[in-house]
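Undergrad: Here it is, the structure in full.
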Amino acid sequence: MIALSHAELDKQTITKAYARWAPVYDLVFGAVFERGRQAAIEAAERVGGRILEVGVGTGISLPHYSRDCRLCGVDISEPMLRKAQERVDEFGLGNVEGLWVMDAEQLSFPDDSFDVVVAQYVVTTVPNPEATLDEFARVLKPGGEIVLVSRVGAEAGLRRALEHWFAPAARKLGWRTEFSFERYARWAKQTAGMRLVERRAMPPLGHFSLIRFAKDGGQRATSDTVAVARHAAVRAAR
Ligand SMILES: C[S@@+](CC[C@H](N)C(=O)[O-])C[C@H]1O[C@@H](n2cnc3c(N)ncnc32)[C@H](O)[C@@H]1O
């Protein structure tokens, strides 16, 4: 018998959980996460080009991107992806290049493949979030961005205590409740060429955040580089 590692067991739990969620996912999580998804899409479209959605799920975001963006979607759950394919067919989304069953921690795309990597409500569900962010950075082109919408755990107080208490049950449902922002910030600090460029609180109740990281290099004029250039020009003119 082959002994499974902790991460493999964790992935089995997640896969089982999302096979159960697939038929009702849009009904339960459609509206509640809508503002976060919209903010992530707007951030991704500011960069544009070829976009990878990791943990694309039922493809709920796909029809909302501009048709000028080329989209690729991956997810570890086949039942969730089947829903995404139905959506692509229903909306005639010719800008979707493909949907693949794939593990976020081991993306089978070459280095520097995408202008943006988007992951909405995903990073806190994977067993090794930092390894997953490393993969996102690897497949991202220089000058590109990682755009996350993620749950951020409370740093102190009653909410933190409740999150820790609820953590084992949440895991069985397919997510993690306790996950500090410090982990994202530390990952960016320790990862060569990656910078944290934004954190913005998102509903419901501000328990989620839009988090953006930029990869150094490239010639892209992102809103951040434009802002820096404008600031420098104003200073030079004084
Ligand atoms: C909370 S759902 C989010 C779905 C969608 N992004 C949304 O906005 O509603 C999390 C998704 O991440 C997927 N997922 C979890 N672990 C994953 C992994 N290791 N690799 C790829 N996808 C994963 C799940 O199957 C599920 O579809």
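Just so we're on the same page: first chain in the structure tokens is A, next is B, and so on; residues restart at 1 for each chain, and ligands are numbered from 1 in the order they show up.
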DSSP on the backbone: what in region 46-170 of chain A comes out helix (DSSP H, G or I), as a count of residues only?
TA: 47
Undergrad: Just want the residues within 7 Å of ligand 1, written as a PDB file with all heavy atoms, in the first residue's frame, counting only C-alpha atoms and all ligand atoms.
TA:
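The resulting pocket.pdb:
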ATOM      1  N   LYS A  11      -5.394  17.320  -0.358  1.00  0.00           N
ATOM      2  CA  LYS A  11      -5.954  17.531  -1.707  1.00  0.00           C
ATOM      3  C   LYS A  11      -7.152  16.611  -1.938  1.00  0.00           C
ATOM      4  O   LYS A  11      -8.108  16.997  -2.589  1.00  0.00           O
ATOM      5  CB  LYS A  11      -4.875  17.306  -2.774  1.00  0.00           C
ATOM      6  CG  LYS A  11      -4.016  18.548  -2.959  1.00  0.00           C
ATOM      7  CD  LYS A  11      -2.869  18.332  -3.896  1.00  0.00           C
ATOM      8  CE  LYS A  11      -1.764  19.339  -3.594  1.00  0.00           C
ATOM      9  NZ  LYS A  11      -0.495  18.987  -4.189  1.00  0.00           N
ATOM     10  N   ILE A  14     -10.075  18.232  -0.314  1.00  0.00           N
ATOM     11  CA  ILE A  14     -10.540  19.370  -1.120  1.00  0.00           C
ATOM     12  C   ILE A  14     -11.310  18.876  -2.347  1.00  0.00           C
ATOM     13  O   ILE A  14     -12.391  19.383  -2.666  1.00  0.00           O
ATOM     14  CB  ILE A  14      -9.320  20.212  -1.596  1.00  0.00           C
ATOM     15  CG1 ILE A  14      -8.589  20.827  -0.406  1.00  0.00           C
ATOM     16  CG2 ILE A  14      -9.715  21.279  -2.603  1.00  0.00           C
ATOM     17  CD1 ILE A  14      -9.349  21.899   0.308  1.00  0.00           C
ATOM     18  N   THR A  15     -10.751  17.874  -3.014  1.00  0.00           N
ATOM     19  CA  THR A  15     -11.392  17.365  -4.234  1.00  0.00           C
ATOM     20  C   THR A  15     -12.781  16.809  -3.901  1.00  0.00           C
ATOM     21  O   THR A  15     -13.748  17.069  -4.615  1.00  0.00           O
ATOM     22  CB  THR A  15     -10.507  16.277  -4.883  1.00  0.00           C
ATOM     23  OG1 THR A  15      -9.166  16.769  -4.902  1.00  0.00           O
ATOM     24  CG2 THR A  15     -10.915  15.978  -6.302  1.00  0.00           C
ATOM     25  N   TYR A  18     -15.222  19.741  -3.123  1.00  0.00           N
ATOM     26  CA  TYR A  18     -15.719  20.512  -4.279  1.00  0.00           C
ATOM     27  C   TYR A  18     -16.546  19.664  -5.237  1.00  0.00           C
ATOM     28  O   TYR A  18     -17.381  20.207  -5.963  1.00  0.00           O
ATOM     29  CB  TYR A  18     -14.579  21.277  -4.954  1.00  0.00           C
ATOM     30  CG  TYR A  18     -14.258  22.492  -4.124  1.00  0.00           C
ATOM     31  CD1 TYR A  18     -13.186  22.505  -3.252  1.00  0.00           C
ATOM     32  CD2 TYR A  18     -15.100  23.600  -4.149  1.00  0.00           C
ATOM     33  CE1 TYR A  18     -12.937  23.591  -2.432  1.00  0.00           C
ATOM     34  CE2 TYR A  18     -14.862  24.687  -3.342  1.00  0.00           C
ATOM     35  CZ  TYR A  18     -13.778  24.683  -2.487  1.00  0.00           C
ATOM     36  OH  TYR A  18     -13.553  25.760  -1.673  1.00  0.00           O
ATOM     37  N   PHE A  29     -22.438  30.539  -3.433  1.00  0.00           N
ATOM     38  CA  PHE A  29     -21.312  31.482  -3.383  1.00  0.00           C
ATOM     39  C   PHE A  29     -21.301  32.481  -4.537  1.00  0.00           C
ATOM     40  O   PHE A  29     -20.343  33.236  -4.683  1.00  0.00           O
ATOM     41  CB  PHE A  29     -19.982  30.715  -3.381  1.00  0.00           C
ATOM     42  CG  PHE A  29     -19.795  29.847  -2.169  1.00  0.00           C
ATOM     43  CD1 PHE A  29     -19.873  28.463  -2.272  1.00  0.00           C
ATOM     44  CD2 PHE A  29     -19.563  30.409  -0.926  1.00  0.00           C
ATOM     45  CE1 PHE A  29     -19.711  27.656  -1.160  1.00  0.00           C
ATOM     46  CE2 PHE A  29     -19.401  29.609   0.197  1.00  0.00           C
ATOM     47  CZ  PHE A  29     -19.479  28.226   0.083  1.00  0.00           C
ATOM     48  N   GLY A  30     -22.347  32.464  -5.364  1.00  0.00           N
ATOM     49  CA  GLY A  30     -22.377  33.383  -6.508  1.00  0.00           C
ATOM     50  C   GLY A  30     -22.408  34.833  -6.067  1.00  0.00           C
ATOM     51  O   GLY A  30     -21.447  35.586  -6.256  1.00  0.00           O
ATOM     52  N   PHE A  33     -19.716  36.512  -3.186  1.00  0.00           N
ATOM     53  CA  PHE A  33     -18.342  36.847  -3.580  1.00  0.00           C
ATOM     54  C   PHE A  33     -18.277  37.735  -4.827  1.00  0.00           C
ATOM     55  O   PHE A  33     -17.182  37.937  -5.383  1.00  0.00           O
ATOM     56  CB  PHE A  33     -17.539  35.568  -3.854  1.00  0.00           C
ATOM     57  CG  PHE A  33     -17.244  34.742  -2.618  1.00  0.00           C
ATOM     58  CD1 PHE A  33     -17.039  33.371  -2.722  1.00  0.00           C
ATOM     59  CD2 PHE A  33     -17.141  35.325  -1.362  1.00  0.00           C
ATOM     60  CE1 PHE A  33     -16.751  32.597  -1.603  1.00  0.00           C
ATOM     61  CE2 PHE A  33     -16.857  34.571  -0.240  1.00  0.00           C
ATOM     62  CZ  PHE A  33     -16.663  33.199  -0.361  1.00  0.00           C
ATOM     63  N   ARG A  37     -14.910  39.322  -6.921  1.00  0.00           N
ATOM     64  CA  ARG A  37     -14.599  38.842  -8.281  1.00  0.00           C
ATOM     65  C   ARG A  37     -14.505  40.015  -9.241  1.00  0.00           C
ATOM     66  O   ARG A  37     -13.600  40.091 -10.074  1.00  0.00           O
ATOM     67  CB  ARG A  37     -15.671  37.867  -8.774  1.00  0.00           C
ATOM     68  CG  ARG A  37     -15.630  36.529  -8.115  1.00  0.00           C
ATOM     69  CD  ARG A  37     -16.510  35.525  -8.853  1.00  0.00           C
ATOM     70  NE  ARG A  37     -16.768  34.379  -8.007  1.00  0.00           N
ATOM     71  CZ  ARG A  37     -17.884  34.213  -7.288  1.00  0.00           C
ATOM     72  NH1 ARG A  37     -18.855  35.099  -7.352  1.00  0.00           N
ATOM     73  NH2 ARG A  37     -18.012  33.135  -6.531  1.00  0.00           N
ATOM     74  N   VAL A  54      -6.609  30.495 -11.806  1.00  0.00           N
ATOM     75  CA  VAL A  54      -6.339  29.260 -11.058  1.00  0.00           C
ATOM     76  C   VAL A  54      -7.497  29.045 -10.073  1.00  0.00           C
ATOM     77  O   VAL A  54      -7.927  29.991  -9.420  1.00  0.00           O
ATOM     78  CB  VAL A  54      -5.002  29.361 -10.300  1.00  0.00           C
ATOM     79  CG1 VAL A  54      -4.723  28.062  -9.545  1.00  0.00           C
ATOM     80  CG2 VAL A  54      -3.860  29.657 -11.259  1.00  0.00           C
ATOM     81  N   GLY A  55      -7.976  27.799  -9.990  1.00  0.00           N
ATOM     82  CA  GLY A  55      -9.162  27.538  -9.162  1.00  0.00           C
ATOM     83  C   GLY A  55     -10.358  28.224  -9.781  1.00  0.00           C
ATOM     84  O   GLY A  55     -11.154  28.853  -9.098  1.00  0.00           O
ATOM     85  N   VAL A  56     -10.476  28.060 -11.100  1.00  0.00           N
ATOM     86  CA  VAL A  56     -11.517  28.765 -11.871  1.00  0.00           C
ATOM     87  C   VAL A  56     -12.907  28.268 -11.483  1.00  0.00           C
ATOM     88  O   VAL A  56     -13.901  28.938 -11.711  1.00  0.00           O
ATOM     89  CB  VAL A  56     -11.240  28.609 -13.390  1.00  0.00           C
ATOM     90  CG1 VAL A  56     -11.349  27.158 -13.841  1.00  0.00           C
ATOM     91  CG2 VAL A  56     -12.136  29.476 -14.240  1.00  0.00           C
ATOM     92  N   GLY A  57     -12.956  27.083 -10.852  1.00  0.00           N
ATOM     93  CA  GLY A  57     -14.218  26.546 -10.340  1.00  0.00           C
ATOM     94  C   GLY A  57     -15.239  26.347 -11.440  1.00  0.00           C
ATOM     95  O   GLY A  57     -14.941  25.781 -12.507  1.00  0.00           O
ATOM     96  N   THR A  58     -16.457  26.868 -11.217  1.00  0.00           N
ATOM     97  CA  THR A  58     -17.544  26.715 -12.190  1.00  0.00           C
ATOM     98  C   THR A  58     -17.447  27.746 -13.306  1.00  0.00           C
ATOM     99  O   THR A  58     -18.386  27.882 -14.092  1.00  0.00           O
ATOM    100  CB  THR A  58     -18.906  26.863 -11.493  1.00  0.00           C
ATOM    101  OG1 THR A  58     -18.960  28.184 -10.919  1.00  0.00           O
ATOM    102  CG2 THR A  58     -19.112  25.831 -10.399  1.00  0.00           C
ATOM    103  N   GLY A  59     -16.352  28.495 -13.335  1.00  0.00           N
ATOM    104  CA  GLY A  59     -16.146  29.489 -14.400  1.00  0.00           C
ATOM    105  C   GLY A  59     -17.039  30.704 -14.243  1.00  0.00           C
ATOM    106  O   GLY A  59     -17.302  31.427 -15.208  1.00  0.00           O
ATOM    107  N   ILE A  60     -17.435  30.960 -13.001  1.00  0.00           N
ATOM    108  CA  ILE A  60     -18.414  32.024 -12.741  1.00  0.00           C
ATOM    109  C   ILE A  60     -17.922  33.405 -13.208  1.00  0.00           C
ATOM    110  O   ILE A  60     -18.713  34.252 -13.608  1.00  0.00           O
ATOM    111  CB  ILE A  60     -18.813  32.001 -11.231  1.00  0.00           C
ATOM    112  CG1 ILE A  60     -20.081  32.805 -10.990  1.00  0.00           C
ATOM    113  CG2 ILE A  60     -17.674  32.417 -10.328  1.00  0.00           C
ATOM    114  CD1 ILE A  60     -20.756  32.471  -9.673  1.00  0.00           C
ATOM    115  N   SER A  61     -16.602  33.610 -13.204  1.00  0.00           N
ATOM    116  CA  SER A  61     -16.046  34.917 -13.611  1.00  0.00           C
ATOM    117  C   SER A  61     -15.891  35.048 -15.123  1.00  0.00           C
ATOM    118  O   SER A  61     -15.801  36.169 -15.629  1.00  0.00           O
ATOM    119  CB  SER A  61     -14.633  35.097 -13.037  1.00  0.00           C
ATOM    120  OG  SER A  61     -14.665  35.161 -11.667  1.00  0.00           O
ATOM    121  N   VAL A  74      -7.735  26.690 -14.789  1.00  0.00           N
ATOM    122  CA  VAL A  74      -7.364  25.376 -14.236  1.00  0.00           C
ATOM    123  C   VAL A  74      -8.047  25.188 -12.884  1.00  0.00           C
ATOM    124  O   VAL A  74      -8.342  26.164 -12.182  1.00  0.00           O
ATOM    125  CB  VAL A  74      -5.830  25.214 -14.072  1.00  0.00           C
ATOM    126  CG1 VAL A  74      -5.118  25.335 -15.397  1.00  0.00           C
ATOM    127  CG2 VAL A  74      -5.251  26.197 -13.063  1.00  0.00           C
ATOM    128  N   ASP A  75      -8.297  23.925 -12.558  1.00  0.00           N
ATOM    129  CA  ASP A  75      -8.895  23.604 -11.257  1.00  0.00           C
ATOM    130  C   ASP A  75      -8.585  22.153 -10.948  1.00  0.00           C
ATOM    131  O   ASP A  75      -8.435  21.328 -11.860  1.00  0.00           O
ATOM    132  CB  ASP A  75     -10.413  23.819 -11.298  1.00  0.00           C
ATOM    133  CG  ASP A  75     -11.010  24.010  -9.910  1.00  0.00           C
ATOM    134  OD1 ASP A  75     -11.103  23.015  -9.149  1.00  0.00           O
ATOM    135  OD2 ASP A  75     -11.358  25.154  -9.571  1.00  0.00           O
ATOM    136  N   ILE A  76      -8.511  21.847  -9.659  1.00  0.00           N
ATOM    137  CA  ILE A  76      -8.214  20.464  -9.265  1.00  0.00           C
ATOM    138  C   ILE A  76      -9.480  19.602  -9.304  1.00  0.00           C
ATOM    139  O   ILE A  76      -9.391  18.377  -9.319  1.00  0.00           O
ATOM    140  CB  ILE A  76      -7.555  20.452  -7.860  1.00  0.00           C
ATOM    141  CG1 ILE A  76      -6.737  19.189  -7.678  1.00  0.00           C
ATOM    142  CG2 ILE A  76      -8.601  20.607  -6.755  1.00  0.00           C
ATOM    143  CD1 ILE A  76      -5.745  19.279  -6.544  1.00  0.00           C
ATOM    144  N   SER A  77     -10.638  20.246  -9.355  1.00  0.00           N
ATOM    145  CA  SER A  77     -11.909  19.513  -9.304  1.00  0.00           C
ATOM    146  C   SER A  77     -12.530  19.390 -10.689  1.00  0.00           C
ATOM    147  O   SER A  77     -12.929  20.395 -11.290  1.00  0.00           O
ATOM    148  CB  SER A  77     -12.878  20.240  -8.358  1.00  0.00           C
ATOM    149  OG  SER A  77     -14.185  19.779  -8.564  1.00  0.00           O
ATOM    150  N   MET A  80     -16.260  20.646 -10.886  1.00  0.00           N
ATOM    151  CA  MET A  80     -16.348  22.123 -10.973  1.00  0.00           C
ATOM    152  C   MET A  80     -16.012  22.560 -12.408  1.00  0.00           C
ATOM    153  O   MET A  80     -16.699  23.405 -12.989  1.00  0.00           O
ATOM    154  CB  MET A  80     -15.374  22.785  -9.990  1.00  0.00           C
ATOM    155  CG  MET A  80     -15.696  22.579  -8.526  1.00  0.00           C
ATOM    156  SD  MET A  80     -17.139  23.489  -7.931  1.00  0.00           S
ATOM    157  CE  MET A  80     -16.429  25.070  -7.506  1.00  0.00           C
ATOM    158  N   MET A 102      -5.869  20.622 -13.148  1.00  0.00           N
ATOM    159  CA  MET A 102      -4.446  20.852 -12.828  1.00  0.00           C
ATOM    160  C   MET A 102      -4.323  21.307 -11.379  1.00  0.00           C
ATOM    161  O   MET A 102      -5.212  22.005 -10.874  1.00  0.00           O
ATOM    162  CB  MET A 102      -3.899  21.947 -13.753  1.00  0.00           C
ATOM    163  CG  MET A 102      -2.417  21.867 -14.024  1.00  0.00           C
ATOM    164  SD  MET A 102      -1.865  23.243 -15.071  1.00  0.00           S
ATOM    165  CE  MET A 102      -2.397  22.742 -16.691  1.00  0.00           C
ATOM    166  N   ASP A 103      -3.233  20.914 -10.751  1.00  0.00           N
ATOM    167  CA  ASP A 103      -2.973  21.318  -9.367  1.00  0.00           C
ATOM    168  C   ASP A 103      -2.263  22.668  -9.357  1.00  0.00           C
ATOM    169  O   ASP A 103      -1.237  22.837 -10.038  1.00  0.00           O
ATOM    170  CB  ASP A 103      -2.098  20.232  -8.714  1.00  0.00           C
ATOM    171  CG  ASP A 103      -1.804  20.510  -7.263  1.00  0.00           C
ATOM    172  OD1 ASP A 103      -2.211  21.566  -6.751  1.00  0.00           O
ATOM    173  OD2 ASP A 103      -1.161  19.647  -6.636  1.00  0.00           O
ATOM    174  N   ALA A 104      -2.774  23.605  -8.589  1.00  0.00           N
ATOM    175  CA  ALA A 104      -2.192  24.946  -8.513  1.00  0.00           C
ATOM    176  C   ALA A 104      -0.717  24.921  -8.103  1.00  0.00           C
ATOM    177  O   ALA A 104       0.052  25.809  -8.455  1.00  0.00           O
ATOM    178  CB  ALA A 104      -2.979  25.784  -7.508  1.00  0.00           C
ATOM    179  N   GLU A 105      -0.341  23.880  -7.358  1.00  0.00           N
ATOM    180  CA  GLU A 105       1.050  23.797  -6.886  1.00  0.00           C
ATOM    181  C   GLU A 105       1.998  23.257  -7.937  1.00  0.00           C
ATOM    182  O   GLU A 105       3.212  23.303  -7.759  1.00  0.00           O
ATOM    183  CB  GLU A 105       1.119  22.861  -5.669  1.00  0.00           C
ATOM    184  CG  GLU A 105       0.712  23.530  -4.404  1.00  0.00           C
ATOM    185  CD  GLU A 105       0.798  22.571  -3.231  1.00  0.00           C
ATOM    186  OE1 GLU A 105       1.668  21.672  -3.228  1.00  0.00           O
ATOM    187  OE2 GLU A 105      -0.018  22.721  -2.326  1.00  0.00           O
ATOM    188  N   ALA A 119      -6.355  34.372  -8.875  1.00  0.00           N
ATOM    189  CA  ALA A 119      -6.854  33.276  -8.033  1.00  0.00           C
ATOM    190  C   ALA A 119      -7.833  33.871  -7.029  1.00  0.00           C
ATOM    191  O   ALA A 119      -7.430  34.620  -6.135  1.00  0.00           O
ATOM    192  CB  ALA A 119      -5.708  32.558  -7.334  1.00  0.00           C
ATOM    193  N   GLN A 120      -9.088  33.551  -7.225  1.00  0.00           N
ATOM    194  CA  GLN A 120     -10.136  34.111  -6.366  1.00  0.00           C
ATOM    195  C   GLN A 120     -10.623  33.046  -5.395  1.00  0.00           C
ATOM    196  O   GLN A 120     -11.137  32.020  -5.826  1.00  0.00           O
ATOM    197  CB  GLN A 120     -11.293  34.598  -7.234  1.00  0.00           C
ATOM    198  CG  GLN A 120     -10.852  35.615  -8.262  1.00  0.00           C
ATOM    199  CD  GLN A 120     -11.901  35.842  -9.326  1.00  0.00           C
ATOM    200  OE1 GLN A 120     -12.882  35.138  -9.406  1.00  0.00           O
ATOM    201  NE2 GLN A 120     -11.693  36.836 -10.147  1.00  0.00           N
ATOM    202  N   TYR A 121     -10.442  33.312  -4.103  1.00  0.00           N
ATOM    203  CA  TYR A 121     -10.919  32.399  -3.058  1.00  0.00           C
ATOM    204  C   TYR A 121     -10.282  31.018  -3.198  1.00  0.00           C
ATOM    205  O   TYR A 121     -10.965  30.000  -3.078  1.00  0.00           O
ATOM    206  CB  TYR A 121     -12.472  32.298  -3.117  1.00  0.00           C
ATOM    207  CG  TYR A 121     -13.114  33.647  -3.209  1.00  0.00           C
ATOM    208  CD1 TYR A 121     -13.611  34.140  -4.413  1.00  0.00           C
ATOM    209  CD2 TYR A 121     -13.184  34.473  -2.090  1.00  0.00           C
ATOM    210  CE1 TYR A 121     -14.160  35.398  -4.519  1.00  0.00           C
ATOM    211  CE2 TYR A 121     -13.738  35.743  -2.170  1.00  0.00           C
ATOM    212  CZ  TYR A 121     -14.227  36.189  -3.394  1.00  0.00           C
ATOM    213  OH  TYR A 121     -14.763  37.451  -3.477  1.00  0.00           O
ATOM    214  N   VAL A 122      -8.997  30.980  -3.485  1.00  0.00           N
ATOM    215  CA  VAL A 122      -8.311  29.716  -3.766  1.00  0.00           C
ATOM    216  C   VAL A 122      -7.108  29.493  -2.844  1.00  0.00           C
ATOM    217  O   VAL A 122      -6.933  28.398  -2.308  1.00  0.00           O
ATOM    218  CB  VAL A 122      -7.826  29.677  -5.245  1.00  0.00           C
ATOM    219  CG1 VAL A 122      -7.011  28.425  -5.527  1.00  0.00           C
ATOM    220  CG2 VAL A 122      -8.999  29.769  -6.206  1.00  0.00           C
ATOM    221  N   THR A 125      -7.252  27.581   0.247  1.00  0.00           N
ATOM    222  CA  THR A 125      -7.751  26.193   0.205  1.00  0.00           C
ATOM    223  C   THR A 125      -6.650  25.195  -0.130  1.00  0.00           C
ATOM    224  O   THR A 125      -6.860  23.997  -0.013  1.00  0.00           O
ATOM    225  CB  THR A 125      -8.897  26.025  -0.835  1.00  0.00           C
ATOM    226  OG1 THR A 125      -8.353  26.125  -2.143  1.00  0.00           O
ATOM    227  CG2 THR A 125      -9.994  27.037  -0.657  1.00  0.00           C
ATOM    228  N   VAL A 126      -5.482  25.673  -0.587  1.00  0.00           N
ATOM    229  CA  VAL A 126      -4.428  24.735  -1.013  1.00  0.00           C
ATOM    230  C   VAL A 126      -3.548  24.341   0.185  1.00  0.00           C
ATOM    231  O   VAL A 126      -3.393  25.123   1.117  1.00  0.00           O
ATOM    232  CB  VAL A 126      -3.556  25.331  -2.158  1.00  0.00           C
ATOM    233  CG1 VAL A 126      -4.402  25.678  -3.363  1.00  0.00           C
ATOM    234  CG2 VAL A 126      -2.772  26.538  -1.695  1.00  0.00           C
TER     235      VAL A 126
END
Undergrad: Using DSSP on the backbone coordinates, identify all residues within region 16-208 of chain A classified as strand (DSSP E or B); present the result as a PyMOL selection string.
TA: chain A and resi 50-54+70-75+96-101+114-120+140-151+194-202+208
Undergrad: Which one is closest to Tyr184 (chain A): A:Ala44, A:Leu210, A:Leu162, A:Ala19? Count only C-alpha atoms.
TA: A:Leu210
Undergrad: For a test of reading the model, state the distance in Å between CA of Asp216 (chain A) and CA of Leu52 (chain A), rounded to one decimal.
TA: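 We find that CA of Asp216 (chain A) and CA of Leu52 (chain A) lie 18.4 Å from each other.
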Undergrad: Please provide as a JSON list (two decimals) with N, CA and C atoms, in the first residue's frame all residues within 10 Å of Gly218 (chain A), with the sequence filter that same-chain residues fewer than 6 positions apart are discarded (counting only C-alpha atoms).
TA:
[["chain", "number", "residue", "atom", "x", "y", "z"],
["A", 141, "LYS", "N", 4.72, 36.43, -16.64],
["A", 141, "LYS", "CA", 5.74, 37.14, -17.43],
["A", 141, "LYS", "C", 6.31, 38.30, -16.61],
["A", 142, "PRO", "N", 7.55, 38.70, -16.85],
["A", 142, "PRO", "CA", 8.07, 39.92, -16.21],
["A", 142, "PRO", "C", 7.15, 41.08, -16.56],
["A", 143, "GLY", "N", 6.86, 41.93, -15.56],
["A", 143, "GLY", "CA", 5.93, 43.05, -15.76],
["A", 143, "GLY", "C", 4.49, 42.66, -15.51],
["A", 144, "GLY", "N", 4.24, 41.37, -15.26],
["A", 144, "GLY", "CA", 2.86, 40.91, -15.04],
["A", 144, "GLY", "C", 2.45, 41.01, -13.57]]
Undergrad: Given the choices A:Val123, A:Ala188, A:Val32, A:Met194, which gets closest to Lys215 (chain A) if the distance is worked out from only C-alpha atoms?
TA: A:Met194
